[in-house]
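A.B. asks: Below is entry-v5.cif; it holds mmCIF, C-alpha atoms.
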```cif
data_data
#
loop_
_atom_site.label_atom_id
_atom_site.label_comp_id
_atom_site.auth_asym_id
_atom_site.auth_seq_id
_atom_site.Cartn_x
_atom_site.Cartn_y
_atom_site.Cartn_z
CA MET A 973 0.00 0.00 0.00
CA LEU A 974 2.91 2.33 0.75
CA SER A 975 4.36 1.67 -2.69
CA VAL A 976 1.04 2.75 -4.26
CA LEU A 977 1.19 5.98 -2.28
CA ILE A 978 4.77 6.68 -3.37
CA ILE A 979 3.96 5.92 -7.02
CA GLY A 980 0.89 8.17 -6.82
CA ILE A 981 2.90 11.05 -5.35
CA SER A 982 5.64 10.62 -7.97
CA PHE A 983 3.02 10.63 -10.71
CA ALA A 984 1.45 13.77 -9.25
CA PHE A 985 4.83 15.51 -9.21
CA TRP A 986 5.38 14.53 -12.82
CA LEU A 987 1.95 15.94 -13.78
CA THR A 988 2.46 19.23 -11.97
CA GLY A 989 6.00 19.67 -13.32
CA ASP A 990 7.61 19.98 -9.90
CA GLY A 991 11.13 18.61 -9.69
CA MET A 992 13.68 18.38 -6.94
CA ASN A 993 15.49 21.68 -7.69
CA SER A 994 16.09 24.08 -4.82
CA ALA A 995 13.03 26.28 -5.50
CA SER A 996 10.55 23.43 -5.67
CA TYR A 997 12.17 21.56 -2.75
CA LYS A 998 10.82 24.14 -0.31
CA LYS A 999 7.34 23.71 -1.77
CA TRP A 1000 7.63 19.92 -1.59
CA ASN A 1001 8.82 20.11 1.99
CA HIS A 1002 5.58 21.81 3.11
CA GLY A 1003 3.20 18.96 2.20
CA PHE A 1004 1.08 17.65 -0.66
CA THR A 1005 -1.07 19.58 -3.08
CA LEU A 1006 -4.74 18.84 -3.48
CA LEU A 1007 -4.10 17.40 -6.95
CA GLU A 1008 -1.54 14.97 -5.59
CA LEU A 1009 -3.90 13.76 -2.87
CA MET A 1010 -6.79 13.35 -5.33
CA ILE A 1011 -4.66 11.24 -7.67
CA VAL A 1012 -3.52 9.00 -4.82
CA LEU A 1013 -7.11 8.59 -3.59
CA ALA A 1014 -8.29 7.72 -7.11
CA ILE A 1015 -5.60 5.04 -7.43
CA ILE A 1016 -6.49 3.60 -4.02
CA GLY A 1017 -10.19 3.62 -4.96
CA VAL A 1018 -9.63 1.71 -8.19
CA MET A 1019 -7.44 -0.87 -6.46
CA SER A 1020 -10.00 -1.29 -3.65
CA THR A 1021 -12.80 -1.89 -6.15
CA VAL A 1022 -10.83 -4.60 -7.93
CA ALA A 1023 -9.78 -6.18 -4.63
CA SER A 1024 -13.32 -6.22 -3.19
CA TYR A 1025 -14.69 -8.04 -6.25
CA SER A 1026 -11.98 -10.68 -5.98
CA TRP A 1027 -12.51 -10.99 -2.24
CA LEU A 1028 -16.27 -11.59 -2.61
CA ARG A 1029 -15.62 -14.22 -5.26
CA TYR A 1030 -13.17 -15.96 -2.97
CA VAL A 1031 -15.57 -15.86 0.02
CA HIS A 1032 -18.51 -17.31 -1.93
CA ASN A 1033 -16.41 -20.15 -3.35
CA ALA A 1034 -14.77 -20.81 0.03
CA ASP A 1035 -18.23 -21.11 1.63
CA LEU A 1036 -19.25 -23.62 -1.05
CA LYS A 1037 -16.11 -25.71 -0.51
CA ALA A 1038 -16.62 -25.66 3.25
CA ALA A 1039 -20.26 -26.76 2.87
CA ALA A 1040 -19.33 -29.63 0.54
CA ARG A 1041 -16.58 -30.81 2.86
CA ASP A 1042 -18.92 -30.63 5.85
CA ILE A 1043 -21.52 -32.79 4.10
CA ALA A 1044 -18.81 -35.25 2.97
CA SER A 1045 -17.60 -35.39 6.58
CA ASP A 1046 -21.14 -36.16 7.73
CA PHE A 1047 -21.28 -38.97 5.14
CA GLN A 1048 -18.09 -40.46 6.56
CA ASN A 1049 -19.30 -40.08 10.16
CA CYS A 1050 -22.58 -41.83 9.31
CA LYS A 1051 -20.70 -44.66 7.62
CA ALA A 1052 -18.41 -45.11 10.64
CA LYS A 1053 -21.28 -44.95 13.14
CA SER A 1054 -23.42 -47.39 11.16
CA ILE A 1055 -20.59 -49.92 11.34
CA SER A 1056 -19.68 -49.34 14.98
CA GLU A 1057 -23.28 -49.19 16.27
CA SER A 1058 -24.67 -51.92 13.95
CA ARG A 1059 -27.60 -49.82 12.77
CA ASP A 1060 -28.54 -47.91 9.63
CA TYR A 1061 -27.91 -44.16 9.41
CA GLN A 1062 -29.90 -42.03 7.01
CA ILE A 1063 -29.25 -38.55 5.61
CA SER A 1064 -32.34 -36.85 4.15
CA PHE A 1065 -31.93 -33.73 1.97
CA THR A 1066 -34.44 -30.95 1.26
CA ALA A 1067 -33.61 -28.89 -1.83
CA GLY A 1068 -33.92 -25.15 -2.36
CA THR A 1069 -32.73 -21.89 -0.88
CA GLY A 1070 -33.91 -22.85 2.61
CA GLY A 1071 -32.51 -26.33 2.13
CA ARG A 1072 -31.46 -28.57 4.96
CA TYR A 1073 -30.45 -32.10 5.68
CA THR A 1074 -31.27 -34.40 8.56
CA ILE A 1075 -29.09 -37.17 9.94
CA SER A 1076 -31.13 -39.85 11.65
CA ALA A 1077 -30.85 -43.35 13.05
CA PRO A 1078 -33.49 -45.51 14.76
CA ALA A 1079 -33.29 -46.41 18.42
CA THR A 1080 -31.83 -49.77 19.34
CA THR A 1081 -31.50 -51.60 22.63
CA SER A 1082 -28.03 -50.13 23.20
CA HIS A 1083 -28.37 -46.73 21.43
CA ALA A 1084 -30.87 -43.89 21.56
CA ALA A 1085 -32.51 -42.55 18.40
CA VAL A 1086 -30.55 -39.85 16.53
CA SER A 1087 -32.02 -36.90 14.65
CA THR A 1088 -29.86 -33.89 13.78
CA THR A 1089 -30.85 -31.22 11.27
CA LYS A 1090 -28.40 -28.85 9.58
CA LEU A 1091 -29.56 -25.83 7.56
CA SER A 1092 -27.86 -24.72 4.36
CA GLU A 1093 -27.82 -21.12 5.68
CA ALA A 1094 -25.27 -22.27 8.25
CA PHE A 1095 -22.80 -22.75 5.39
CA GLY A 1096 -23.02 -19.13 4.22
CA SER A 1097 -25.37 -17.01 2.19
CA GLY A 1098 -26.48 -18.27 -1.19
CA ILE A 1099 -25.66 -21.98 -0.75
CA GLN A 1100 -28.43 -24.17 -2.18
CA ILE A 1101 -28.99 -27.91 -2.25
CA VAL A 1102 -30.16 -29.05 -5.70
CA PHE A 1103 -30.95 -32.43 -7.24
CA GLU A 1104 -29.83 -33.11 -10.81
CA SER A 1105 -29.34 -36.40 -12.58
CA GLY A 1106 -25.72 -37.13 -13.37
CA CYS A 1107 -24.59 -34.33 -11.09
CA ASN A 1108 -21.08 -35.73 -10.83
CA GLY A 1109 -20.55 -36.60 -14.48
CA TYR A 1110 -20.84 -40.36 -13.83
CA GLY A 1111 -24.60 -40.64 -14.19
CA ALA A 1112 -25.30 -41.08 -10.48
CA ALA A 1113 -28.94 -40.60 -9.62
CA PRO A 1114 -29.74 -37.60 -7.45
CA MET A 1115 -30.99 -38.76 -4.10
CA ASN A 1116 -32.82 -36.94 -1.38
CA VAL A 1117 -32.11 -39.85 1.01
CA ILE A 1118 -28.81 -41.66 1.42
CA ILE A 1119 -28.76 -44.67 3.73
CA PHE A 1120 -25.59 -46.13 5.23
CA GLU A 1121 -26.15 -49.76 6.18
CA THR A 1122 -24.56 -51.68 9.05
CA ARG A 1123 -21.76 -52.95 6.79
CA GLY A 1124 -20.87 -49.36 5.83
CA THR A 1125 -22.28 -49.68 2.34
CA SER A 1126 -24.67 -47.21 0.73
CA LYS A 1127 -26.58 -46.65 -2.49
CA PHE A 1128 -24.78 -44.94 -5.36
CA GLY A 1129 -26.03 -41.34 -5.19
CA CYS A 1130 -25.16 -37.69 -5.48
CA VAL A 1131 -26.08 -34.36 -3.89
CA LYS A 1132 -25.21 -31.07 -5.58
CA LEU A 1133 -24.61 -27.69 -3.94
CA THR A 1134 -24.58 -24.37 -5.79
CA ASN A 1135 -23.83 -20.79 -4.81
CA THR A 1136 -24.84 -17.38 -6.15
CA ARG A 1137 -21.77 -17.21 -8.44
CA GLY A 1138 -22.85 -20.31 -10.37
CA SER A 1139 -20.15 -22.51 -8.83
CA SER A 1140 -21.14 -26.03 -7.84
CA ALA A 1141 -19.96 -28.94 -5.76
CA SER A 1142 -21.11 -32.54 -6.22
CA ILE A 1143 -20.88 -34.89 -3.25
CA THR A 1144 -21.06 -38.49 -4.45
CA THR A 1145 -21.17 -41.74 -2.54
CA ASN A 1146 -20.69 -45.12 -4.17
CA ILE A 1147 -21.87 -48.57 -3.12
CA THR A 1148 -18.87 -49.11 -0.82
CA GLY A 1149 -19.72 -45.91 1.08
CA LYS A 1150 -16.72 -44.00 -0.27
CA THR A 1151 -17.42 -40.29 -0.68
CA TYR A 1152 -16.07 -38.05 -3.45
CA ILE A 1153 -16.35 -34.29 -3.97
CA THR A 1154 -16.15 -32.66 -7.39
CA PHE A 1155 -15.97 -28.86 -7.71
CA ALA A 1156 -16.85 -26.64 -10.69
CA MET A 1157 -15.83 -23.11 -9.69
CA GLN A 1158 -16.76 -19.91 -11.54
#
```
What is this structure when it is put down as structure tokens?
C.D. replies:
Amino acid sequence: MLSVLIIGISFAFWLTGDGMNSASYKKWNHGFTLLELMIVLAIIGVMSTVASYSWLRYVHNADLKAAARDIASDFQNCKAKSISESRDYQISFTAGTGGRYTISAPATTSHAAVSTTKLSEAFGSGIQIVFESGCNGYGAAPMNVIIFETRGTSKFGCVKLTNTRGSSASITTNITGKTYITFAMQ
């Protein structure tokens, strides 16, 4: 930022014709002219505009990546718990702007029933859960319910997340319960 200020001041001196001779040195020693300050502020304004656009793009895509990784983590946790507790775990998705997903498991003699709901707004603004066929490029069927069985297996399915920039993330699970994430960033 300091280098931008120095370049702006140098440019302003060049525009006004002031040099470093003895007569202009006294003038330079007393401060900046209004023209010099306006040029520096204009340069800072242009750079801030460009930086803010890039920053917003980064934040929206980072929120999408975090949401996809959180859902993939929940898939892995459900798989591990279904094996260790010998009961099925189910993740149910609701699409749309106010989308959410619920992790549930029935009660057994040794474990209480589980029901946890997570809202898509918790991932950041503009994250939506959508269902599209072939959302991962492999032809996996979109599923609003993914069940992890006691052996850790699941049905081959896919859930897709999108953000306001048009970026998307596909979270896919195969029959062995392995989870993959594919990103398409804009």
A.B. asks: Have a look at A:Asn1049, A:Gly1003, A:Gly1017, A:Phe1155 and name the one nearest to Ala1141 of chain A; count all atoms listed in the file.
C.D. replies: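 Among the listed residues, the smallest separation from Ala1141 of chain A belongs to A:Phe1155.
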A.B. asks: Can you tell me, as a list in words, what residues are no more than 10 Å from His1083 of chain A when counting only C-alpha atoms, ignoring any on the same chain fewer than 3 positions away?
C.D. replies: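 Here the qualifying residues turn out to be Glu1057, Ser1058, Arg1059, Ala1077, Pro1078, Ala1079, Thr1080 and Val1086 of chain A.
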A.B. asks: For Ser1056 of chain A, which residue among A:Thr1122, A:Thr1005, A:Thr1081, A:Thr1074 is the nearest when counting all atoms listed in the file?
C.D. replies: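 Closest candidate: A:Thr1122.
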A.B. asks: So, with all atoms listed in the file as the atoms that count, which of A:Lys1150, A:Ile1011, A:Thr1144, A:Ala1039 lies closest to Ala1094 of chain A?
C.D. replies: A:Ala1039
A.B. asks: Run through the PyMOL selection byres ((chain A and resi 1089) around 10) on the given coordinates and return the selected residues as a list in words.
C.D. replies: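 That selection, the PyMOL selection byres ((chain A and resi 1089) around 10), comes back as Ile1063, Ser1064, Phe1065, Arg1072, Tyr1073, Thr1074, Ile1075, Ser1076, Ser1087, Thr1088, Lys1090, Leu1091 and Ser1092 of chain A.
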A.B. asks: Of the candidates A:Leu1006, A:Ile1055, A:Ala1044, A:Leu1028, which shows the shortest atom-to-atom distance to Arg1123 of chain A, using all atoms listed in the file?
C.D. replies: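 Checking each of A:Leu1006, A:Ile1055, A:Ala1044, A:Leu1028 against Arg1123 of chain A, counting all atoms listed in the file, the winner is A:Ile1055.
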A.B. asks: What separation in Å, quoted to one decimal, exists between atom CA of Val1131 of chain A and atom CA of Asn1116 of chain A?
C.D. replies: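 These two atoms are separated by 7.6 Å.
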A.B. asks: Using the chain letters and numbering of this document, enumerate as a PyMOL selection string the residues selected by the PyMOL selection byres ((chain A and resi 1128) around 7).
C.D. replies: chain A and resi 1112+1126-1127+1129+1145-1147
A.B. asks: Which is closer to Gly1070 of chain A than all the others in A:Ala1052, A:Ile1043, A:Ile1101, A:Ile1119, using all atoms listed in the file?
C.D. replies: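 Among the listed residues, the smallest separation from Gly1070 of chain A belongs to A:Ile1101.
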A.B. asks: Between atom CA of Val1117 of chain A and atom CA of Asn1033 of chain A, measure the distance and give it in Å to one decimal.
C.D. replies: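 Atom CA of Asn1033 of chain A lies at a distance of 25.6 Å from atom CA of Val1117 of chain A.
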A.B. asks: Looking at all atoms listed in the file, which of A:Cys1050, A:Val1022, A:Leu1133, A:Gly1071 is the one that sits closest to Ile1153 of chain A?
C.D. replies: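 Between A:Cys1050, A:Val1022, A:Leu1133, A:Gly1071, the residue approaching Ile1153 of chain A most closely is A:Leu1133.
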A.B. asks: If you measure from atom CA of Ala1023 of chain A to atom CA of Arg1137 of chain A, what distance in Å do you get, rounded to one decimal?
C.D. replies: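 Straight-line distance from atom CA of Ala1023 of chain A to atom CA of Arg1137 of chain A works out to 16.7 Å.
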A.B. asks: Compile the contact shell of Lys1051 of chain A as a list in words: residues with an atom at most 7 Å away, counting all atoms listed in the file, same-chain residues fewer than 5 positions apart removed.
C.D. replies: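 Residues meeting the cut-off are Phe1120, Gly1124 and Gly1149 of chain A.
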A.B. asks: Write out as a PyMOL selection string the residues lying within 6 Å of Ile1099 of chain A, counting all atoms listed in the file and excluding same-chain residues fewer than 2 positions away.
C.D. replies: chain A and resi 1097+1134-1135
A.B. asks: I'd like to see the residues matched by the PyMOL selection byres ((chain A and resi 1157) around 8) on this file, and ideally I'd get them as a list in words.
C.D. replies: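 Applied to this file, the PyMOL selection byres ((chain A and resi 1157) around 8) returns Asn1033, Gly1138, Ser1139, Ser1140, Phe1155, Ala1156 and Gln1158 of chain A.
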